[in-house]
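Q: The file below is work_24.txt, compact mmCIF, C-alpha atoms:
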```
# COMPACT_ATOMS: atom_id res chain seq x y z
CA MET A 1 25.16 50.75 29.18
CA LYS A 2 24.50 53.42 26.57
CA PHE A 3 20.80 52.62 26.84
CA ILE A 4 20.54 53.07 30.62
CA LYS A 5 19.63 56.75 30.30
CA PHE A 6 16.64 55.85 28.14
CA LEU A 7 15.56 53.24 30.67
CA ILE A 8 15.69 55.86 33.44
CA LEU A 9 13.73 58.39 31.34
CA GLY A 10 11.14 55.70 30.61
CA ILE A 11 10.82 54.85 34.30
CA VAL A 12 10.35 58.54 35.18
CA PHE A 13 7.77 58.84 32.37
CA GLY A 14 5.86 55.79 33.66
CA ILE A 15 5.84 56.99 37.26
CA VAL A 16 4.76 60.53 36.34
CA MET A 17 2.01 59.38 33.97
CA ALA A 18 0.66 56.94 36.57
CA LYS A 19 0.92 59.30 39.55
CA SER A 20 -0.73 62.19 37.71
CA GLU A 21 -3.51 59.76 36.64
CA ALA A 22 -2.93 60.52 32.94
CA ILE A 23 -3.13 56.76 32.33
CA SER A 24 -6.69 56.61 33.68
CA TRP A 25 -9.67 56.04 31.39
CA PHE A 26 -11.69 58.20 33.82
CA ARG A 27 -9.34 61.16 33.29
CA ILE A 28 -9.57 60.83 29.50
CA GLN A 29 -13.37 60.81 29.74
CA GLU A 30 -13.28 63.86 31.98
CA MET A 31 -11.10 65.56 29.36
CA PHE A 32 -13.32 64.74 26.37
CA ARG A 33 -16.36 65.93 28.37
CA PHE A 34 -14.55 69.20 29.21
CA GLN A 35 -15.37 68.72 32.89
CA ALA A 36 -11.98 69.34 34.47
CA PHE A 37 -8.75 71.18 33.82
CA HIS A 38 -6.43 68.34 34.90
CA MET A 39 -5.51 66.76 31.53
CA TYR A 40 -5.48 70.15 29.78
CA GLY A 41 -3.15 71.36 32.52
CA ILE A 42 -0.75 68.45 31.95
CA ILE A 43 -0.65 68.75 28.15
CA GLY A 44 -0.82 72.57 28.24
CA THR A 45 2.10 72.89 30.69
CA ALA A 46 4.20 70.49 28.62
CA VAL A 47 3.43 72.40 25.40
CA VAL A 48 4.03 75.89 26.85
CA LEU A 49 7.39 74.81 28.30
CA GLY A 50 8.09 72.90 25.10
CA VAL A 51 7.46 75.93 22.87
CA ILE A 52 9.76 78.09 25.00
CA GLY A 53 12.47 75.44 25.13
CA VAL A 54 12.40 74.58 21.43
CA ALA A 55 12.54 78.28 20.53
CA MET A 56 15.60 78.66 22.78
CA ILE A 57 17.29 75.58 21.28
CA LYS A 58 16.84 77.10 17.83
CA LYS A 59 17.85 80.64 18.81
CA PHE A 60 21.02 79.62 20.64
CA ARG A 61 21.73 76.71 18.25
CA ILE A 62 22.10 74.33 21.18
CA ARG A 63 23.89 71.08 20.42
CA ASP A 64 23.19 67.60 21.69
CA ILE A 65 25.43 65.39 23.81
CA ASP A 66 27.44 64.29 20.74
CA GLY A 67 28.00 67.87 19.58
CA ASN A 68 25.49 67.67 16.74
CA PRO A 69 22.92 70.45 16.27
CA VAL A 70 19.46 69.58 17.58
CA VAL A 71 17.37 69.33 14.43
CA PHE A 72 13.61 69.44 14.09
CA MET A 73 12.27 67.61 11.06
CA PRO A 74 9.32 69.49 9.53
CA LYS A 75 6.44 67.05 9.06
CA ASP A 76 5.10 66.43 5.55
CA LYS A 77 2.55 69.01 4.41
CA SER A 78 -0.88 67.43 4.22
CA ILE A 79 -4.29 67.78 5.75
CA VAL A 80 -6.13 64.56 5.00
CA ARG A 81 -3.74 62.13 6.66
CA TYR A 82 -3.50 64.15 9.86
CA LEU A 83 -7.23 64.80 10.06
CA LEU A 84 -8.35 61.25 9.14
CA GLY A 85 -5.56 59.47 11.00
CA GLY A 86 -6.01 61.76 13.98
CA THR A 87 -9.76 61.11 14.06
CA ILE A 88 -9.27 57.33 13.99
CA PHE A 89 -6.68 57.70 16.75
CA GLY A 90 -9.10 59.84 18.79
CA LEU A 91 -11.86 57.23 18.48
CA GLY A 92 -9.51 54.63 19.91
CA TRP A 93 -8.10 56.99 22.54
CA ALA A 94 -11.55 57.73 23.97
CA LEU A 95 -12.65 54.07 23.82
CA SER A 96 -9.61 52.54 25.48
CA GLY A 97 -8.75 55.63 27.52
CA ALA A 98 -5.09 55.31 26.64
CA CYS A 99 -2.65 56.31 23.94
CA PRO A 100 0.35 54.02 23.29
CA GLY A 101 2.54 55.29 26.16
CA PRO A 102 -0.09 55.01 28.88
CA MET A 103 -1.05 51.54 27.56
CA VAL A 104 2.27 50.06 28.61
CA VAL A 105 2.34 52.04 31.86
CA ASN A 106 -1.03 50.43 32.64
CA ILE A 107 0.44 46.98 31.98
CA GLY A 108 3.18 47.70 34.52
CA TYR A 109 0.56 49.05 36.93
CA GLY A 110 -1.13 45.66 36.81
CA PHE A 111 -4.00 46.07 34.35
CA ILE A 112 -3.23 43.01 32.25
CA SER A 113 -6.19 43.64 29.93
CA MET A 114 -4.17 46.60 28.62
CA ALA A 115 -1.81 44.03 27.12
CA ILE A 116 -4.67 43.08 24.78
CA VAL A 117 -5.15 46.76 23.90
CA PHE A 118 -1.42 47.20 23.28
CA PHE A 119 -1.15 44.04 21.18
CA SER A 120 -4.17 45.22 19.15
CA ALA A 121 -2.42 48.56 18.64
CA ILE A 122 0.57 46.71 17.16
CA VAL A 123 -1.84 44.86 14.85
CA GLY A 124 -3.46 48.20 13.95
CA THR A 125 -0.09 49.65 12.98
CA PHE A 126 0.59 46.50 10.96
CA LEU A 127 -2.72 46.89 9.10
CA TYR A 128 -1.83 50.50 8.31
CA GLY A 129 1.52 49.38 6.90
CA VAL A 130 -0.21 46.82 4.67
CA ILE A 131 -2.86 49.13 3.17
CA LYS A 132 -0.86 52.38 3.41
CA ASP A 133 -0.52 52.89 -0.34
CA LYS A 134 -4.27 52.63 -0.85
CA LEU A 135 -5.05 55.40 1.64
CA PRO A 136 -5.19 59.13 0.85
CA HIS A 137 -2.23 60.93 2.40
CA MET B 1 5.87 63.92 53.43
CA LYS B 2 4.46 60.51 52.56
CA GLU B 3 1.21 62.11 51.38
CA ILE B 4 3.06 64.24 48.82
CA VAL B 5 4.13 61.05 47.10
CA THR B 6 1.01 58.93 47.46
CA GLN B 7 -1.58 61.56 46.53
CA THR B 8 -2.37 62.49 42.91
CA TRP B 9 0.52 64.45 41.44
CA SER B 10 -0.38 67.91 40.19
CA TRP B 11 -0.94 68.75 36.54
CA TRP B 12 1.80 71.38 36.49
CA PHE B 13 4.41 68.98 37.89
CA SER B 14 3.36 66.26 35.46
CA GLY B 15 3.44 68.66 32.48
CA ALA B 16 6.83 70.04 33.48
CA MET B 17 8.24 66.51 33.82
CA ILE B 18 6.92 65.50 30.40
CA ALA B 19 8.51 68.58 28.83
CA SER B 20 11.76 67.73 30.66
CA ILE B 21 11.71 64.18 29.29
CA MET B 22 11.26 65.60 25.78
CA PHE B 23 14.26 67.93 26.27
CA PHE B 24 16.43 65.14 27.67
CA LEU B 25 15.62 63.03 24.60
CA LEU B 26 16.49 65.96 22.29
CA PHE B 27 19.74 66.41 24.20
CA PHE B 28 20.51 62.72 23.67
CA GLY B 29 19.96 63.19 19.92
CA LYS B 30 16.51 61.53 19.86
CA SER B 31 12.93 62.74 19.70
CA PHE B 32 9.93 62.06 21.90
CA GLY B 33 7.41 59.93 20.04
CA PHE B 34 6.05 56.78 21.62
CA SER B 35 3.93 55.24 18.85
CA SER B 36 6.99 54.73 16.62
CA ASN B 37 7.60 51.73 18.87
CA LEU B 38 4.56 49.99 17.38
CA ARG B 39 6.14 50.18 13.91
CA THR B 40 9.52 49.13 15.33
CA ILE B 41 7.98 46.05 16.96
CA CYS B 42 6.39 45.06 13.62
CA ALA B 43 9.77 45.48 11.92
CA ALA B 44 11.60 43.53 14.64
CA ALA B 45 9.03 40.73 14.22
CA GLY B 46 10.15 40.38 10.61
CA MET B 47 7.18 42.03 8.90
CA GLY B 48 9.60 43.95 6.67
CA LYS B 49 10.05 40.87 4.48
CA LYS B 50 6.58 41.26 3.03
CA THR B 51 5.62 44.86 3.76
CA LYS B 52 7.86 47.72 2.67
CA PHE B 53 6.67 50.01 5.47
CA PHE B 54 8.35 47.73 8.02
CA ASP B 55 11.56 47.29 6.03
CA PHE B 56 13.91 49.69 7.78
CA ASN B 57 16.84 49.54 10.18
CA TRP B 58 14.77 49.09 13.34
CA LYS B 59 17.87 48.54 15.44
CA LYS B 60 18.38 52.31 15.42
CA GLN B 61 15.11 52.50 17.40
CA ILE B 62 16.18 50.17 20.21
CA TRP B 63 16.64 53.19 22.50
CA ASN B 64 12.86 53.83 22.20
CA LEU B 65 12.03 50.20 23.03
CA VAL B 66 14.24 50.58 26.12
CA PHE B 67 12.21 53.70 26.98
CA LEU B 68 9.07 51.55 26.57
CA VAL B 69 10.41 48.92 28.97
CA GLY B 70 11.21 51.73 31.41
CA ALA B 71 7.62 52.98 31.16
CA ILE B 72 6.33 49.52 32.15
CA ILE B 73 8.71 49.45 35.12
CA GLY B 74 7.63 52.99 36.04
CA GLY B 75 3.98 51.90 36.13
CA PHE B 76 4.94 48.97 38.34
CA ILE B 77 6.90 51.20 40.74
CA ALA B 78 4.05 53.73 40.92
CA LYS B 79 1.58 50.99 41.86
CA GLN B 80 3.77 49.01 44.26
CA PHE B 81 5.62 51.73 46.12
CA LEU B 82 4.05 55.13 45.52
CA SER B 83 0.30 54.54 45.74
CA THR B 84 -2.42 53.90 48.23
CA ASP B 85 -4.75 53.12 45.30
CA VAL B 86 -7.22 55.83 46.13
CA PRO B 87 -10.00 56.27 43.55
CA VAL B 88 -9.39 58.77 40.76
CA LEU B 89 -10.82 62.11 41.86
CA ILE B 90 -12.72 62.98 38.70
CA SER B 91 -15.34 65.69 38.70
CA PRO B 92 -18.86 64.94 40.01
CA GLU B 93 -20.29 65.84 36.58
CA THR B 94 -18.18 63.14 34.92
CA ILE B 95 -19.20 60.59 37.56
CA ALA B 96 -22.87 61.47 36.92
CA ASP B 97 -22.51 61.29 33.12
CA LEU B 98 -20.68 57.96 33.28
CA GLY B 99 -23.24 56.70 35.78
CA LYS B 100 -25.96 57.19 33.17
CA LEU B 101 -23.94 54.90 30.87
CA GLY B 102 -23.75 52.25 33.60
CA PHE B 103 -20.29 52.97 35.01
CA ALA B 104 -19.85 52.90 38.78
CA ALA B 105 -18.00 55.81 40.42
CA PRO B 106 -14.22 55.23 40.37
CA SER B 107 -12.93 52.76 42.95
CA SER B 108 -9.39 52.68 41.54
CA LEU B 109 -7.50 54.03 38.54
CA GLN B 110 -9.57 52.23 35.88
CA PRO B 111 -13.21 51.15 35.55
CA SER B 112 -13.57 47.42 36.24
CA GLU B 113 -16.45 47.42 33.71
CA LEU B 114 -13.81 47.77 30.97
CA PHE B 115 -10.51 46.56 32.39
CA GLY B 116 -11.50 43.97 34.99
CA ILE B 117 -10.82 40.29 34.36
CA ASP B 118 -14.56 39.57 33.91
CA ALA B 119 -14.85 42.23 31.21
CA MET B 120 -11.76 40.91 29.45
CA LEU B 121 -13.28 37.43 29.28
CA SER B 122 -16.63 38.61 27.89
CA LEU B 123 -17.13 38.96 24.14
CA LYS B 124 -18.24 42.59 24.30
CA GLY B 125 -15.45 43.52 26.70
CA LEU B 126 -12.83 41.83 24.56
CA LEU B 127 -14.11 43.53 21.40
CA ILE B 128 -13.88 46.94 23.10
CA LEU B 129 -10.26 46.31 24.11
CA VAL B 130 -9.35 45.02 20.65
CA PHE B 131 -11.08 47.76 18.65
CA GLY B 132 -9.74 50.50 20.92
CA GLY B 133 -6.21 49.24 20.40
CA LEU B 134 -6.64 48.72 16.66
CA MET B 135 -7.84 52.29 16.13
CA VAL B 136 -5.05 53.78 18.25
CA GLY B 137 -2.40 51.75 16.41
CA PHE B 138 -3.82 52.36 12.94
CA GLY B 139 -4.64 56.02 13.53
CA SER B 140 -1.34 56.96 15.16
CA ARG B 141 0.68 55.68 12.21
CA TYR B 142 -1.73 57.12 9.63
CA ALA B 143 -1.46 60.49 11.37
CA GLY B 144 2.30 60.04 11.77
CA GLY B 145 2.30 60.29 15.55
CA CYS B 146 0.37 60.04 18.80
CA THR B 147 -0.05 62.32 21.79
CA SER B 148 3.71 62.50 22.46
CA GLY B 149 4.81 62.93 18.85
CA HIS B 150 2.13 65.41 17.78
CA ALA B 151 0.49 67.04 20.83
CA ILE B 152 3.76 67.46 22.77
CA SER B 153 6.74 67.35 20.35
CA GLY B 154 4.97 68.71 17.26
CA LEU B 155 3.08 71.53 18.97
CA SER B 156 6.26 72.54 20.83
CA ASP B 157 7.84 73.06 17.42
CA LEU B 158 4.71 74.95 16.25
CA GLN B 159 4.11 72.45 13.46
CA VAL B 160 0.81 72.95 11.63
CA PRO B 161 0.45 69.22 10.73
CA SER B 162 0.56 68.41 14.44
CA LEU B 163 -2.15 70.95 15.17
CA ILE B 164 -4.33 69.33 12.48
CA ALA B 165 -3.64 65.91 14.01
CA VAL B 166 -4.61 67.14 17.50
CA VAL B 167 -7.84 68.57 16.07
CA GLY B 168 -8.42 65.09 14.61
CA PHE B 169 -7.72 63.49 18.02
CA PHE B 170 -10.52 65.60 19.48
CA ILE B 171 -12.95 65.04 16.60
CA GLY B 172 -12.52 61.28 17.10
CA GLY B 173 -12.64 61.51 20.89
CA LEU B 174 -15.82 63.59 20.90
CA ILE B 175 -17.55 61.32 18.35
CA MET B 176 -16.71 58.30 20.50
CA THR B 177 -17.70 59.95 23.78
CA PHE B 178 -20.94 61.62 22.75
CA LEU B 179 -22.22 59.62 19.75
CA ILE B 180 -20.88 56.07 20.07
CA PHE B 181 -20.74 55.56 23.87
CA PRO B 182 -24.56 55.95 24.23
CA LEU B 183 -24.95 53.21 21.59
CA ILE B 184 -22.54 50.67 23.06
CA PHE B 185 -22.92 51.25 26.82
```
Written as C-alpha cells, that's how I'd like the structure from this file.
A:
Amino acid sequence: MKFIKFLILGIVFGIVMAKSEAISWFRIQEMFRFQAFHMYGIIGTAVVLGVIGVAMIKKFRIRDIDGNPVVFMPKDKSIVRYLLGGTIFGLGWALSGACPGPMVVNIGYGFISMAIVFFSAIVGTFLYGVIKDKLPH
Amino acid sequence: MKEIVTQTWSWWFSGAMIASIMFFLLFFGKSFGFSSNLRTICAAAGMGKKTKFFDFNWKKQIWNLVFLVGAIIGGFIAKQFLSTDVPVLISPETIADLGKLGFAAPSSLQPSELFGIDAMLSLKGLLILVFGGLMVGFGSRYAGGCTSGHAISGLSDLQVPSLIAVVGFFIGGLIMTFLIFPLIF
C-alpha cells in the first residue's frame, strides 16, 4: 500500500505527458527545429515553478512526510561526462523522439515498437555500466 | 466540457503538473529522475554479479519502478478514455521540413514511418529503434540523468552540471536533426 502514491503519480505523469503531446516524435522534432513554443513552454514552466519551489523548500527548511529535511544532492563537478553523455543522449532523443519516461508512456498508449526502444535503452545503460571505468568522467 | 479533456492539453498546465509531480516526490522523500529505472532494471535482472555498477540495493528503488508502471497505465488511460486521436498540431514549417525528408503530415501522435508495424519489421526501421534506444540509455547514465533528472530536477536546483547536460542534449539533438537526418531519411 505504501507504493500506491507512486503509482498514482506515475499515472498522472503518463496522462499529462500523453495529453500535452510531449511523448510525440513530431513535437520533439518541432522543438529541435525551434519552430514552436510548445515543448519549451512545458519544460520552461516546470523549471520556473521548480526553481521557485526548491528555493522556498531551502529557505523555510521544509521537511518531507517522514519529518526528514528535504535534501538536494549536489551533482559531481565535471564537464566532460555531462557534455559527452548529454550529447549521446540528445542524439538518441532526437532519433527516437522520446526520453525514458515518454518511452513507457508510448508503450501504454499502444505504440508497441517503443518497447523495442525501451529495451534497447536498458541495453544501452548496461553497456555504460560495463565500460564505465574506461570512459572519461 | 468534453473538448477540454480530449483536445491537446496546454503547455502551461503540463509544465505545472510536471513541477507538481516533482514536489510530491520530494515531499515523499524521493527525487524525480526517470532514467534511474534503467539501471535498477539491470540490477534487478542480476547484472550486479558481474558488473559493479549494477551491484547496489535496487529494492530501495522499487518506488520508481512503481512510478514507471503508473506511467504505462497513464498512457493507456490517455489513449483509451481521454483522446479522439486527432493528429498532432505541429507547426506548418515542421510539417514542410519533415515532408522533405519523406515524412507524411501527422495523422496521429507518432509517424507511422518510424513507429508503425511495417517500419518495426524492416531492417532500417528496426535499426533506428534500437540505436535510438541505445543512445538514450547509454547517454542518460553517462550524463547521470535524463530530461527529468537534469532538465527538470537539476535546473530547478540551479545545478551547473545539469545545465551542461542540457546543453549536451541540444548539441546531440541538433546534430541528429540537421546533420544525420538528411543522411538517413
Q: For the atom pair atom CA of B:Leu126 and atom CA of A:Gly124, what is the interatomic distance in Å to one decimal place?
A: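 Separation of atom CA of B:Leu126 and atom CA of A:Gly124: 15.5 Å.
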Q: Using all atoms listed in the file and a distance of at most 6 Å, pull out the residues of chain B that contact chain A, as a VMD selection string.
A: chain B and resid 8 to 9 11 to 12 14 to 16 18 to 19 27 to 29 34 to 35 38 53 66 to 67 70 to 76 78 to 79 94 109 to 110 115 129 to 130 132 to 140 142 to 143 152 156 164 to 165 168 to 173 176
Q: In Å, how far is it from atom CA of A:Met1 to atom CA of B:Ile41?
A: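 Separation between atom CA of A:Met1 and atom CA of B:Ile41: 21.6 Å.
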Q: Between atom CA of B:Val167 and atom CA of B:Ile90, what is the distance in Å, rounded to a tenth?
A: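 Calculated distance between atom CA of B:Val167 and atom CA of B:Ile90 is 23.8 Å.
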Q: Can you work out which one of B:Leu65, B:Leu179, B:Leu25, B:Leu121 has the shortest atom-to-atom distance to B:Ala44, counting only C-alpha atoms?
A: B:Leu65
Q: Stretch 102-104 of chain B: which residues within 7 Å, counting all atoms listed in the file, same-chain residues fewer than 2 positions away excluded, as an NGL selection string?
A: :B and (98-100 or 106 or 113 or 185)
Q: Which neighbours of B:Thr84 fall inside 12 Å, counting all atoms listed in the file, when residues of the same chain fewer than 2 positions from it are skipped, and could you give them as an NGL selection string?
A: (:A and (19)) or (:B and (2-8 or 78-82 or 86-88 or 107-109))
